[in-house]
file upload11.txt (compact mmCIF, C-alpha atoms)
# COMPACT_ATOMS: atom_id res chain seq x y z
CA MET M 7 112.69 84.40 129.33
CA GLY M 8 115.93 82.88 128.10
CA LYS M 9 118.07 83.74 131.14
CA PRO M 10 121.73 82.66 131.08
CA THR M 11 122.48 79.14 132.24
CA LYS M 12 124.21 79.03 135.60
CA ILE M 13 127.73 78.28 134.35
CA PRO M 14 130.78 79.78 136.11
CA LEU M 15 131.85 83.03 134.47
CA LEU M 16 135.43 81.83 133.82
CA THR M 17 134.14 78.69 132.10
CA ARG M 18 131.70 80.71 129.98
CA VAL M 19 134.28 83.29 128.93
CA THR M 20 137.02 80.73 128.19
CA GLY M 21 134.76 78.32 126.30
CA GLY M 22 132.93 81.07 124.47
CA LEU M 23 136.17 82.78 123.46
CA LEU M 24 137.59 79.57 122.00
CA VAL M 25 134.42 78.88 120.03
CA ALA M 26 134.20 82.48 118.83
CA LEU M 27 137.82 82.56 117.66
CA PHE M 28 137.60 79.16 115.96
CA CYS M 29 134.26 79.91 114.25
CA SER M 30 134.96 83.52 113.31
CA SER M 31 136.20 82.62 109.82
CA LEU M 32 133.62 82.59 107.05
CA LEU M 33 135.86 80.33 104.95
CA TRP M 34 135.58 77.07 106.86
CA PRO M 35 134.13 74.05 105.00
CA ASP M 36 130.41 73.42 105.48
CA PHE M 37 130.86 70.59 107.98
CA ILE M 38 132.89 72.85 110.28
CA ASN M 39 130.44 75.73 109.89
CA ASN M 40 127.58 73.38 110.82
CA ALA M 41 129.48 72.18 113.87
CA CYS M 42 130.14 75.77 114.86
CA LYS M 43 126.45 76.60 114.70
CA LYS M 44 125.65 73.70 117.02
CA LEU M 45 128.34 74.79 119.46
CA GLN M 46 127.25 78.41 119.36
CA VAL M 47 123.57 77.79 120.02
CA SER M 48 124.46 75.54 122.93
CA LEU M 49 126.36 78.33 124.65
CA PRO M 50 124.45 81.09 126.46
CA PHE M 51 124.48 84.65 125.17
CA ILE M 52 126.13 86.95 127.66
CA HIS M 53 125.48 90.10 129.64
CA GLU M 54 127.11 93.36 128.79
CA HIS M 55 130.07 92.77 131.13
CA GLU M 56 131.19 89.61 129.31
CA SER M 57 133.55 89.16 126.35
CA HIS M 58 132.73 90.72 122.97
CA ALA M 59 134.44 87.79 121.22
CA MET M 60 132.16 85.37 123.04
CA ARG M 61 129.12 87.36 121.85
CA ALA M 62 130.23 87.79 118.22
CA ALA M 63 129.93 84.21 117.01
CA PRO M 64 126.25 83.60 117.90
CA LEU M 65 125.26 87.04 116.63
CA ARG M 66 126.69 86.10 113.26
CA LEU M 67 123.32 84.40 112.68
CA LEU M 68 121.75 87.88 112.67
CA THR M 69 123.93 89.01 109.78
CA LEU M 70 122.62 86.17 107.62
CA ILE M 71 119.21 87.87 107.53
CA LEU M 72 120.79 90.75 105.61
CA HIS M 73 121.77 88.41 102.78
CA GLY M 74 119.57 89.16 99.77
CA THR M 75 117.13 92.04 99.63
CA SER M 76 114.34 90.31 97.64
CA GLY M 77 113.71 93.31 95.43
CA GLY M 78 114.19 95.81 98.25
CA SER M 79 117.06 98.09 99.24
CA MET M 80 119.36 98.01 102.26
CA GLU M 81 120.59 100.94 104.29
CA SER M 82 123.16 100.88 107.08
CA TYR M 83 122.80 103.42 109.87
CA GLY M 84 125.96 102.45 111.70
CA GLU M 85 125.95 101.55 115.39
CA GLY M 86 124.99 97.96 114.48
CA LEU M 87 121.72 98.94 112.76
CA SER M 88 120.90 97.93 109.16
CA CYS M 89 117.46 97.96 107.53
CA ILE M 90 116.00 96.43 104.38
CA SER M 91 113.12 98.32 102.81
CA HIS M 92 111.01 95.96 100.69
CA PRO M 93 107.81 96.87 98.81
CA VAL M 94 105.86 94.63 101.18
CA SER M 95 107.80 94.79 104.46
CA ASP M 96 110.55 96.62 106.33
CA VAL M 97 113.00 94.70 108.48
CA CYS M 98 115.81 96.06 110.64
CA VAL M 99 118.66 93.97 112.05
CA ILE M 100 120.34 95.19 115.22
CA ILE M 101 123.72 93.66 115.98
CA ALA M 102 124.21 95.44 119.28
CA ASN M 103 122.73 95.48 122.77
CA ALA M 104 119.11 96.59 122.43
CA ARG M 105 116.62 97.67 125.08
CA LEU M 106 112.92 97.31 124.39
CA ASP M 107 110.64 99.70 126.28
CA PRO M 108 107.06 98.48 125.66
CA SER M 109 105.51 101.53 127.31
CA SER M 110 106.80 103.81 124.54
CA SER M 111 107.16 101.15 121.79
CA THR M 112 110.81 102.15 121.54
CA ILE M 113 114.02 100.19 121.06
CA TYR M 114 117.11 101.93 122.43
CA LEU M 115 120.61 101.30 121.09
CA PRO M 116 123.79 102.04 123.10
CA THR M 117 124.80 105.21 121.26
CA THR M 118 124.37 108.94 121.69
CA ARG M 119 124.18 109.31 117.91
CA ARG M 120 120.85 110.62 116.67
CA LEU M 121 118.90 107.61 115.39
CA ASN M 122 115.25 107.73 114.49
CA ARG M 123 113.99 104.77 112.45
CA THR M 124 110.35 103.71 112.66
CA VAL M 125 109.16 100.29 111.54
CA LYS M 126 105.73 98.72 111.41
CA PRO M 127 106.68 95.04 111.82
CA TYR M 128 104.09 93.49 109.50
CA ALA M 129 104.39 92.33 105.88
CA GLY M 130 101.53 94.33 104.42
CA LYS M 131 102.86 97.69 103.19
CA LEU M 132 100.80 97.49 100.01
CA ALA M 133 97.56 97.59 102.03
CA GLU M 134 97.11 100.88 103.88
CA ASN M 135 94.06 99.63 105.77
CA ALA M 136 96.07 96.71 107.13
CA MET M 137 99.08 98.80 108.11
CA ALA M 138 96.85 101.32 109.90
CA THR M 139 96.23 98.71 112.59
CA VAL M 140 99.95 97.95 113.18
CA THR M 141 101.77 99.61 116.08
CA PRO M 142 104.91 101.47 114.90
CA ILE M 143 108.17 100.71 116.74
CA LEU M 144 110.82 103.43 117.03
CA VAL M 145 114.55 102.67 117.04
CA ARG M 146 116.71 105.40 118.55
CA GLY M 147 119.93 106.08 120.45
CA SER M 148 119.85 105.94 124.26
CA GLN M 149 120.45 109.64 124.90
CA SER M 150 120.87 110.81 128.51
CA ASP M 151 118.23 109.33 130.81
CA GLU M 152 115.75 108.26 128.15
CA ALA M 153 116.72 104.60 128.22
CA LYS M 154 115.60 102.93 131.43
CA SER M 155 117.56 100.22 133.22
CA CYS M 156 117.06 96.63 132.13
CA SER M 157 114.43 94.69 134.04
CA VAL M 158 115.07 91.43 132.21
CA HIS M 159 118.27 90.30 130.52
CA HIS M 160 117.93 87.79 127.68
CA ASN M 161 120.70 85.61 126.34
CA VAL M 162 119.26 85.19 122.86
CA PRO M 163 118.30 87.74 120.19
CA ALA M 164 114.70 88.85 119.74
CA VAL M 165 112.46 88.93 116.68
CA VAL M 166 109.68 91.53 116.90
CA PHE M 167 106.58 91.20 114.71
CA SER M 168 102.89 92.14 114.69
CA THR M 169 99.74 90.03 114.50
CA ALA M 170 97.56 92.96 113.40
CA GLY M 171 96.81 93.66 109.73
CA PHE M 172 94.86 90.96 107.92
CA THR M 173 95.48 88.20 110.45
CA SER M 174 92.45 86.01 111.21
CA ASN M 175 92.33 85.14 107.50
CA LEU M 176 94.14 81.80 107.12
CA PHE M 177 95.91 82.79 103.90
CA HIS M 178 97.18 86.06 105.39
CA ASP M 179 98.15 84.34 108.63
CA PHE M 180 100.58 82.22 106.64
CA ASN M 181 101.51 84.62 103.85
CA ASP M 182 101.95 87.80 105.91
CA VAL M 183 103.29 86.34 109.16
CA ILE M 184 104.17 82.65 109.37
CA VAL M 185 106.14 82.19 106.13
CA PRO M 186 108.12 85.43 106.75
CA LEU M 187 108.63 84.35 110.37
CA PHE M 188 110.02 81.02 109.15
CA ILE M 189 112.36 82.80 106.71
CA THR M 190 113.55 85.17 109.45
CA THR M 191 113.97 82.79 112.37
CA ARG M 192 114.35 79.17 111.32
CA HIS M 193 118.16 79.29 111.10
CA PHE M 194 118.36 80.26 114.80
CA GLU M 195 117.31 76.68 115.58
CA SER M 196 114.84 77.83 118.27
CA ARG M 197 117.43 79.98 120.11
CA VAL M 198 115.47 83.18 119.58
CA GLN M 199 112.91 85.13 121.59
CA LEU M 200 109.65 86.05 119.82
CA VAL M 201 108.14 89.41 120.77
CA VAL M 202 104.64 90.08 119.43
CA THR M 203 103.07 93.50 119.09
CA ASP M 204 99.30 93.90 118.69
CA LEU M 205 99.08 90.39 120.12
CA LYS M 206 95.82 88.49 119.73
CA PRO M 207 95.74 85.71 122.36
CA TRP M 208 93.60 83.46 120.16
CA TRP M 209 96.12 83.82 117.32
CA VAL M 210 99.01 82.72 119.52
CA LYS M 211 96.94 79.78 120.77
CA LYS M 212 95.93 78.76 117.24
CA TYR M 213 99.50 78.73 115.95
CA LYS M 214 101.17 77.58 119.16
CA PRO M 215 102.61 74.42 117.51
CA ILE M 216 104.41 76.58 114.93
CA LEU M 217 105.62 79.20 117.42
CA ASN M 218 106.91 76.47 119.73
CA HIS M 219 108.91 74.98 116.88
CA LEU M 220 110.53 78.32 116.08
CA SER M 221 111.40 79.32 119.65
CA THR M 222 111.97 77.45 122.89
CA TYR M 223 110.84 80.50 124.89
CA PRO M 224 107.32 81.73 125.71
CA VAL M 225 106.12 84.53 123.47
CA ILE M 226 106.46 88.02 124.97
CA ASP M 227 103.37 90.18 124.67
CA HIS M 228 104.74 93.61 123.78
CA LYS M 229 101.99 95.56 125.50
CA GLN M 230 101.09 93.34 128.44
CA ASP M 231 104.69 92.90 129.63
CA SER M 232 105.78 96.42 130.60
CA ARG M 233 109.26 95.48 131.82
CA ILE M 234 112.38 96.74 130.04
CA HIS M 235 113.75 93.79 128.08
CA CYS M 236 117.41 93.77 127.06
CA PHE M 237 118.72 91.62 124.22
CA PRO M 238 122.18 91.01 122.69
CA GLY M 239 120.66 91.63 119.24
CA MET M 240 117.32 92.00 117.56
CA VAL M 241 115.34 91.70 114.34
CA LEU M 242 112.51 94.22 113.97
CA GLY M 243 110.01 93.11 111.35
CA LEU M 244 109.93 89.99 109.18
CA LYS M 245 111.69 89.29 105.92
CA TYR M 246 109.24 88.80 103.06
CA HIS M 247 110.07 87.24 99.70
CA LYS M 248 106.92 86.72 97.63
CA ASP M 249 103.31 85.52 97.81
CA MET M 250 103.25 82.30 99.84
CA GLY M 251 106.86 81.60 98.85
CA THR M 252 110.57 81.84 99.45
CA TYR M 253 113.67 82.63 97.42
CA PRO M 254 116.02 79.84 98.58
CA SER M 255 119.13 81.75 97.49
CA GLU M 256 118.15 84.54 99.89
CA THR M 257 117.47 82.43 102.98
CA PRO M 258 120.29 81.59 105.41
CA ASN M 259 120.08 77.83 104.80
CA GLY M 260 118.50 77.83 101.35
CA TYR M 261 115.03 77.08 102.68
CA THR M 262 112.44 76.16 100.04
CA MET M 263 108.66 76.00 100.30
CA SER M 264 109.02 72.23 100.53
CA ASP M 265 111.13 72.82 103.63
CA PHE M 266 108.44 75.12 104.99
CA LYS M 267 105.70 72.59 104.33
CA ASN M 268 107.72 69.85 106.06
CA PHE M 269 108.24 72.20 108.98
CA VAL M 270 104.48 72.82 109.26
CA MET M 271 103.78 69.09 109.12
CA GLN M 272 106.32 68.49 111.90
CA ALA M 273 104.90 71.30 114.02
CA PHE M 274 101.42 69.76 113.89
CA SER M 275 102.78 66.22 114.35
CA LEU M 276 101.41 65.06 110.99
CA ASP M 277 102.62 61.97 109.18
CA HIS M 278 105.03 62.85 106.36
CA GLY M 279 104.40 59.63 104.53
CA GLN M 280 102.78 59.30 101.13
CA VAL M 281 98.99 59.16 101.14
CA PRO M 282 98.32 55.45 100.62
CA PRO M 283 97.10 54.67 97.09
CA VAL M 284 93.58 53.35 96.81
CA LEU M 285 94.36 49.66 96.41
CA GLU M 286 91.20 48.07 97.73
CA VAL M 287 88.24 47.86 95.39
CA LEU M 288 85.81 48.73 98.17
CA LYS M 289 87.91 51.58 99.60
CA ARG M 290 86.84 54.98 98.38
CA PRO M 291 89.27 57.91 98.36
CA THR M 292 88.31 60.88 100.52
CA LEU M 293 87.51 64.26 99.00
CA LEU M 294 87.40 67.18 101.42
CA LEU M 295 85.05 69.87 100.10
CA ILE M 296 85.37 73.39 101.51
CA SER M 297 81.86 74.77 101.70
CA ARG M 298 81.60 78.57 101.61
CA ARG M 299 78.62 80.37 103.09
CA LYS M 300 78.97 84.06 102.16
CA THR M 301 80.78 84.62 98.87
CA ARG M 302 81.93 82.35 96.05
CA VAL M 303 79.31 79.89 97.26
CA PHE M 304 78.65 76.71 95.24
CA LEU M 305 74.98 77.23 94.43
CA ASN M 306 74.55 73.63 93.28
CA GLU M 307 76.67 72.10 96.03
CA GLU M 308 74.31 69.18 96.71
CA GLU M 309 74.36 68.16 93.04
CA MET M 310 78.18 68.46 93.05
CA ILE M 311 78.44 66.18 96.08
CA GLN M 312 76.19 63.60 94.43
CA MET M 313 78.38 63.63 91.33
CA MET M 314 81.57 63.33 93.40
CA ARG M 315 80.14 60.19 94.98
CA GLU M 316 79.20 58.83 91.56
CA VAL M 317 82.78 59.33 90.40
CA GLY M 318 83.93 57.27 93.38
CA PHE M 319 84.78 59.67 96.21
CA GLU M 320 83.85 59.57 99.86
CA VAL M 321 82.91 63.23 100.43
CA ALA M 322 83.45 65.19 103.63
CA VAL M 323 82.03 68.72 103.68
CA VAL M 324 83.67 71.31 105.95
CA SER M 325 82.83 74.93 106.69
CA ALA M 326 84.87 77.80 108.13
CA HIS M 327 83.73 77.01 111.68
CA ARG M 328 85.09 73.48 111.50
CA MET M 329 88.39 74.68 110.04
CA ALA M 330 89.03 77.18 112.85
CA ASP M 331 90.70 74.66 115.19
CA LEU M 332 93.82 73.78 113.25
CA GLN M 333 95.08 71.26 115.76
CA ARG M 334 91.95 69.20 115.06
CA PHE M 335 91.43 70.06 111.41
CA ALA M 336 95.02 69.68 110.13
CA PRO M 337 95.05 65.88 110.71
CA MET M 338 91.78 65.66 108.77
CA VAL M 339 93.38 67.42 105.79
CA ALA M 340 96.49 65.24 106.07
CA SER M 341 94.36 62.10 105.80
CA CYS M 342 92.34 63.13 102.72
CA ASN M 343 93.16 62.37 99.08
CA VAL M 344 91.71 65.52 97.51
CA LEU M 345 91.17 69.03 98.92
CA LEU M 346 88.64 70.95 96.81
CA GLY M 347 87.30 74.48 97.07
CA ALA M 348 86.67 77.77 95.31
CA HIS M 349 89.54 80.25 95.49
CA GLY M 350 89.70 81.65 99.01
CA ALA M 351 91.50 81.56 102.33
CA GLY M 352 90.32 78.03 103.16
CA LEU M 353 92.56 76.60 100.46
CA ALA M 354 95.58 77.63 102.55
CA ASN M 355 94.91 74.36 104.35
CA PHE M 356 96.78 72.78 101.42
CA LEU M 357 99.85 73.15 103.62
CA PHE M 358 98.58 70.14 105.60
CA LEU M 359 98.08 67.85 102.60
CA SER M 360 100.19 64.70 102.63
CA PRO M 361 102.45 63.83 99.68
CA GLY M 362 100.41 62.22 96.92
CA ALA M 363 97.22 64.14 97.68
CA VAL M 364 95.66 66.57 95.19
CA LEU M 365 94.71 70.22 95.57
CA LEU M 366 91.79 71.08 93.26
CA GLN M 367 91.06 74.81 93.02
CA VAL M 368 87.92 76.16 91.37
CA VAL M 369 88.89 79.49 89.81
CA PRO M 370 86.04 82.04 89.82
CA LEU M 371 85.63 84.67 87.15
CA GLY M 372 88.23 87.46 87.36
CA LEU M 373 90.42 85.73 89.95
CA ASP M 374 92.95 84.03 87.68
CA TRP M 375 95.97 86.02 88.91
CA ALA M 376 95.25 85.47 92.60
CA SER M 377 94.50 81.79 92.05
CA THR M 378 97.80 81.29 90.24
CA ASN M 379 100.02 83.29 92.59
CA TYR M 380 98.46 82.33 95.91
CA TYR M 381 97.92 78.62 95.33
CA ALA M 382 98.90 77.18 91.94
CA GLU M 383 102.53 78.33 91.95
CA PRO M 384 103.11 77.63 95.67
CA ALA M 385 101.63 74.15 95.20
CA GLY M 386 104.12 73.54 92.40
CA ALA M 387 106.98 74.85 94.55
CA MET M 388 106.01 72.35 97.25
CA GLY M 389 105.83 69.45 94.80
CA MET M 390 102.09 69.01 95.19
CA ARG M 391 99.68 67.47 92.73
CA TYR M 392 97.52 70.36 91.56
CA LEU M 393 94.45 70.72 89.36
CA GLU M 394 92.22 73.70 88.64
CA TYR M 395 88.82 74.24 87.12
CA HIS M 396 88.26 77.63 85.47
CA ILE M 397 84.62 78.60 85.36
CA VAL M 398 83.16 80.32 82.31
CA PRO M 399 80.93 83.42 82.62
CA GLU M 400 77.75 81.34 82.46
CA GLU M 401 78.81 79.56 85.68
CA SER M 402 79.08 82.83 87.63
CA SER M 403 76.18 84.66 89.25
CA LEU M 404 77.64 87.78 87.60
CA TYR M 405 76.30 86.46 84.31
CA HIS M 406 72.80 87.33 85.49
CA LYS M 407 73.78 90.82 86.70
CA TYR M 408 75.53 92.21 83.63
CA PRO M 409 74.92 92.21 79.86
CA PRO M 410 76.81 89.46 77.96
CA ASP M 411 79.24 92.00 76.43
CA HIS M 412 80.02 93.83 79.70
CA PRO M 413 83.75 94.01 80.66
CA VAL M 414 82.94 92.33 83.99
CA LEU M 415 82.29 89.18 81.96
CA THR M 416 84.48 89.64 78.89
CA ASN M 417 87.54 91.55 80.12
CA PRO M 418 88.09 91.44 83.90
CA MET M 419 91.38 93.31 83.55
CA VAL M 420 89.42 96.48 82.79
CA ILE M 421 87.72 96.12 86.18
CA HIS M 422 90.99 95.35 87.99
CA MET M 423 92.53 98.53 86.55
CA GLN M 424 89.89 100.55 88.38
CA GLY M 425 91.49 99.59 91.69
CA TYR M 426 91.43 96.77 94.19
CA ASN M 427 88.33 97.99 96.05
CA VAL M 428 86.33 98.00 92.82
CA SER M 429 87.49 94.57 91.63
CA ARG M 430 87.11 93.05 95.09
CA ALA M 431 83.48 94.17 95.31
CA VAL M 432 82.75 92.48 91.98
CA TYR M 433 84.84 89.30 91.87
CA VAL M 434 85.73 88.49 95.48
CA ASP M 435 82.62 89.59 97.36
CA GLY M 436 80.06 89.80 94.57
CA GLN M 437 79.83 86.43 92.87
CA ASN M 438 78.66 82.88 93.55
CA LEU M 439 79.17 79.80 91.41
CA ARG M 440 76.95 77.24 89.72
CA LEU M 441 79.24 74.71 88.10
CA ASP M 442 78.52 72.92 84.83
CA LEU M 443 78.43 69.39 86.26
CA LYS M 444 79.20 67.67 82.97
CA ARG M 445 82.30 69.79 82.40
CA PHE M 446 83.39 69.68 86.04
CA ARG M 447 83.10 65.89 86.08
CA GLU M 448 86.08 65.71 83.71
CA THR M 449 88.27 67.46 86.29
CA LEU M 450 87.08 65.15 89.05
CA VAL M 451 87.97 62.14 86.90
CA GLN M 452 91.45 63.62 86.43
CA ALA M 453 91.82 63.90 90.20
CA MET M 454 90.73 60.28 90.63
CA GLN M 455 93.26 59.14 88.04
CA LEU M 456 96.05 60.95 89.88
CA ILE M 457 95.39 59.17 93.16
CA MET M 458 94.50 55.74 91.81
CA PRO M 459 97.41 53.32 91.25
CA THR M 460 98.53 52.64 87.71
CA PRO M 461 97.49 49.11 86.64
call {"tool": "encode", "arguments": {"input": "upload11.txt", "output": "structure tokens"}}
result
Amino acid sequence: MGKPTKIPLLTRVTGGLLVALFCSSLLWPDFINNACKKLQVSLPFIHEHESHAMRAAPLRLLTLILHGTSGGSMESYGEGLSCISHPVSDVCVIIANARLDPSSSTIYLPTTRRLNRTVKPYAGKLAENAMATVTPILVRGSQSDEAKSCSVHHNVPAVVFSTAGFTSNLFHDFNDVIVPLFITTRHFESRVQLVVTDLKPWWVKKYKPILNHLSTYPVIDHKQDSRIHCFPGMVLGLKYHKDMGTYPSETPNGYTMSDFKNFVMQAFSLDHGQVPPVLEVLKRPTLLLISRRKTRVFLNEEEMIQMMREVGFEVAVVSAHRMADLQRFAPMVASCNVLLGAHGAGLANFLFLSPGAVLLQVVPLGLDWASTNYYAEPAGAMGMRYLEYHIVPEESSLYHKYPPDHPVLTNPMVIHMQGYNVSRAVYVDGQNLRLDLKRFRETLVQAMQLIMPTP
């Protein structure tokens, strides 16, 4: 639980005071600042009876989260509490002793001032149905006997977030939780305690490699652990920038999506090296085909596979069931040359592609915006090789449901303007695909040319 190391109090206070005083300036050159960070994270956080100066330097890392509001607005409540309200997420930074009472989902601050700030710690404010599943956390002053005594003292700050909402969908797992968690916690260099509300045990197990790389401490289950946890500081909620992306200028260490991808590869112990070019005449490059079973299904999948083999690929077909175990599936993605699929959550496995591999996205009718923002632009930000194949109306099953001049086929924006639920029913859940093999072959040849060595 991150308890203080057994170091004599005098040694801790003296050493911590010297580090705090030396590192308190924000004007030191970068090499000194970096050295300070290493010194600070190696020293234990302290209990309430120890020096404020010793506590101040490590907690400086909390203030870095407040840098940049990513299109949101910041409000300071005093008493060490500041919150950023973003269109997608709310995040509050507490630079003060904080007591978490799981039984009431309340965080108490050491002040008698009236504070009442509620946060749902999940990046999904635009989706009411997602937010309805997220437990709200209240921040308030510890008036009279309301705040109970600490059961557990922690020597590192906490980050509180939820795994409710749209989690269980691979894209949302990364977009709504893991990328924001990386933005919020990576600069702590694992010296941070993760506290999860609405915890799903399978989710923590699935992403254990990532969680273990962000924190050296076991995850605290907000509801199952009823003890009163006391922290020297806290972040409530996760900082969100944009769809599957970061704004480097607004992250503490200028983290890019390439940095995030490298982090994911490290977490899953995947080789960072370039995918070997296909040098041997008899060696066929591997194409990993994501096979969908419910919506956006390739109706002529067998014919597509035959053509892929004719072009020169070794084809491996995977379904959602096979992709569920990331610790087994991620290495498979890292070893392939091309990852191909219709727009959908399965394409979020592109985070495991090795440098030199190609992401090939088939863009269904009416899903151009989502395809661009969720995968095309992030792929570019990560320096990936990316191709896309836009279907025409005749390749969609919708072509046989609507007249040729219907807006569903000719002007999807008209359908999108009727609301997400309407457009989702039509384009996300209501169409399958039958690709024009002659036209699609051209895109496959492009992919082959990208991975084959230049003569």
call {"tool": "closest_residue", "arguments": {"input": "upload11.txt", "among": "M:Ala453, M:Ile101, M:Ala170, M:Ala351", "to": "Tyr128 (chain M)", "atoms": "only C-alpha atoms"}}
result
M:Ala170
call {"tool": "atom_distance", "arguments": {"input": "upload11.txt", "atom1": "CA of Asn122 (chain M)", "atom2": "CA of Asp107 (chain M)"}}
result
15.0 Å
call {"tool": "atom_distance", "arguments": {"input": "upload11.txt", "atom1": "CA of Thr169 (chain M)", "atom2": "CA of Asp182 (chain M)"}}
result
9.1 Å
call {"tool": "residues_around", "arguments": {"input": "upload11.txt", "residues": "Val165 (chain M)", "least_positions_apart": "6", "cutoff": "6 Å", "atoms": "all atoms listed in the file", "output": "PyMOL selection string"}}
result
chain M and resi 200-201+240-242
call {"tool": "residues_around", "arguments": {"input": "upload11.txt", "residues": "Ser157 (chain M)", "least_positions_apart": "6", "cutoff": "8 Å", "atoms": "only C-alpha atoms", "output": "ChimeraX atom specification"}}
result
/M:233-236
call {"tool": "axis_aligned_box", "arguments": {"input": "upload11.txt", "around": "region 116-131 of chain M", "padding_each_side": "5 Å", "output": "AutoDock Vina command-line options"}}
result
--center_x 113.2 --center_y 101.5 --center_z 113.1 --size_x 33.3 --size_y 28.3 --size_z 29.9
call {"tool": "closest_residue", "arguments": {"input": "upload11.txt", "among": "M:Met263, M:Leu293, M:Met310, M:Leu276", "to": "Gly386 (chain M)", "atoms": "only C-alpha atoms"}}
result
M:Met263
call {"tool": "atom_distance", "arguments": {"input": "upload11.txt", "atom1": "CA of Ser402 (chain M)", "atom2": "CA of Val428 (chain M)"}}
result
17.6 Å
call {"tool": "residues_around", "arguments": {"input": "upload11.txt", "residues": "Arg197 (chain M)", "least_positions_apart": "3", "cutoff": "8 Å", "atoms": "all atoms listed in the file", "output": "PyMOL selection string"}}
result
chain M and resi 47+162-163+194+221-222
call {"tool": "closest_residue", "arguments": {"input": "upload11.txt", "among": "M:Tyr253, M:Tyr426, M:Tyr381, M:Phe269", "to": "Leu217 (chain M)", "atoms": "all atoms listed in the file"}}
result
M:Phe269
call {"tool": "closest_residue", "arguments": {"input": "upload11.txt", "among": "M:Tyr433, M:Asp227, M:Asp179, M:Arg440", "to": "Ile421 (chain M)", "atoms": "all atoms listed in the file"}}
result
M:Tyr433
call {"tool": "closest_atom_pairs", "arguments": {"input": "upload11.txt", "of": "region 134-211 of chain M", "to": "region 67-89 of chain M", "cutoff": "12 Å", "atoms": "all atoms listed in the file", "output": "JSON lines"}}
result
{"residue": "M:Val145", "atom": "CA", "partner": "M:Leu87", "partner_atom": "CA", "distance": 9.1}
{"residue": "M:Arg146", "atom": "CA", "partner": "M:Leu87", "partner_atom": "CA", "distance": 10.0}
{"residue": "M:Gly147", "atom": "CA", "partner": "M:Glu85", "partner_atom": "CA", "distance": 9.1}
{"residue": "M:Ser148", "atom": "CA", "partner": "M:Glu85", "partner_atom": "CA", "distance": 11.6}
{"residue": "M:Val162", "atom": "CA", "partner": "M:Leu68", "partner_atom": "CA", "distance": 10.8}
{"residue": "M:Pro163", "atom": "CA", "partner": "M:Leu68", "partner_atom": "CA", "distance": 8.3}
{"residue": "M:Ala164", "atom": "CA", "partner": "M:Leu68", "partner_atom": "CA", "distance": 10.0}
{"residue": "M:Val165", "atom": "CA", "partner": "M:Leu68", "partner_atom": "CA", "distance": 10.2}
{"residue": "M:Pro186", "atom": "CA", "partner": "M:Ile71", "partner_atom": "CA", "distance": 11.4}
{"residue": "M:Leu187", "atom": "CA", "partner": "M:Ile71", "partner_atom": "CA", "distance": 11.5}
{"residue": "M:Phe188", "atom": "CA", "partner": "M:Ile71", "partner_atom": "CA", "distance": 11.6}
{"residue": "M:Ile189", "atom": "CA", "partner": "M:Ile71", "partner_atom": "CA", "distance": 8.6}
{"residue": "M:Thr190", "atom": "CA", "partner": "M:Ile71", "partner_atom": "CA", "distance": 6.6}
{"residue": "M:Thr191", "atom": "CA", "partner": "M:Ile71", "partner_atom": "CA", "distance": 8.8}
{"residue": "M:Arg192", "atom": "CA", "partner": "M:Leu67", "partner_atom": "CA", "distance": 10.5}
{"residue": "M:His193", "atom": "CA", "partner": "M:Leu67", "partner_atom": "CA", "distance": 7.4}
{"residue": "M:Phe194", "atom": "CA", "partner": "M:Leu67", "partner_atom": "CA", "distance": 6.8}
{"residue": "M:Glu195", "atom": "CA", "partner": "M:Leu67", "partner_atom": "CA", "distance": 10.2}
{"residue": "M:Arg197", "atom": "CA", "partner": "M:Leu67", "partner_atom": "CA", "distance": 10.5}
{"residue": "M:Val198", "atom": "CA", "partner": "M:Leu68", "partner_atom": "CA", "distance": 10.5}
call {"tool": "closest_residue", "arguments": {"input": "upload11.txt", "among": "M:Thr124, M:Ser155, M:Thr416, M:Ser174", "to": "Val97 (chain M)", "atoms": "all atoms listed in the file"}}
result
M:Thr124
call {"tool": "residues_around", "arguments": {"input": "upload11.txt", "residues": "Pro413 (chain M)", "least_positions_apart": "3", "cutoff": "12 Å", "atoms": "all atoms listed in the file", "output": "compact mmCIF listing (two decimals) with C-alpha atoms, keeping the file's coordinate frame"}}
result
# COMPACT_ATOMS: atom_id res chain seq x y z
CA LEU M 371 85.63 84.67 87.15
CA GLY M 372 88.23 87.46 87.36
CA PRO M 399 80.93 83.42 82.62
CA LEU M 404 77.64 87.78 87.60
CA TYR M 405 76.30 86.46 84.31
CA TYR M 408 75.53 92.21 83.63
CA PRO M 409 74.92 92.21 79.86
CA PRO M 410 76.81 89.46 77.96
CA THR M 416 84.48 89.64 78.89
CA ASN M 417 87.54 91.55 80.12
CA PRO M 418 88.09 91.44 83.90
CA MET M 419 91.38 93.31 83.55
CA VAL M 420 89.42 96.48 82.79
CA ILE M 421 87.72 96.12 86.18
CA HIS M 422 90.99 95.35 87.99
CA MET M 423 92.53 98.53 86.55
CA GLN M 424 89.89 100.55 88.38
CA SER M 429 87.49 94.57 91.63
CA VAL M 432 82.75 92.48 91.98
call {"tool": "closest_residue", "arguments": {"input": "upload11.txt", "among": "M:Ile457, M:Leu220, M:Phe319, M:Lys229", "to": "Ser360 (chain M)", "atoms": "all atoms listed in the file"}}
result
M:Ile457
call {"tool": "residues_near_point", "arguments": {"input": "upload11.txt", "point": "(90.5, 85.4, 93.3)", "cutoff": "10 Å", "atoms": "only C-alpha atoms", "output": "JSON, numbers by chain"}}
result
{"M": [302, 348, 349, 350, 351, 368, 369, 370, 371, 372, 373, 374, 375, 376, 377, 378, 379, 380, 429, 430, 433, 434, 435]}
call {"tool": "residues_around", "arguments": {"input": "upload11.txt", "residues": "Leu359 (chain M)", "least_positions_apart": "4", "cutoff": "7 Å", "atoms": "all atoms listed in the file", "output": "list in words"}}
result
Val339, Ala340 and Ala363 of chain M
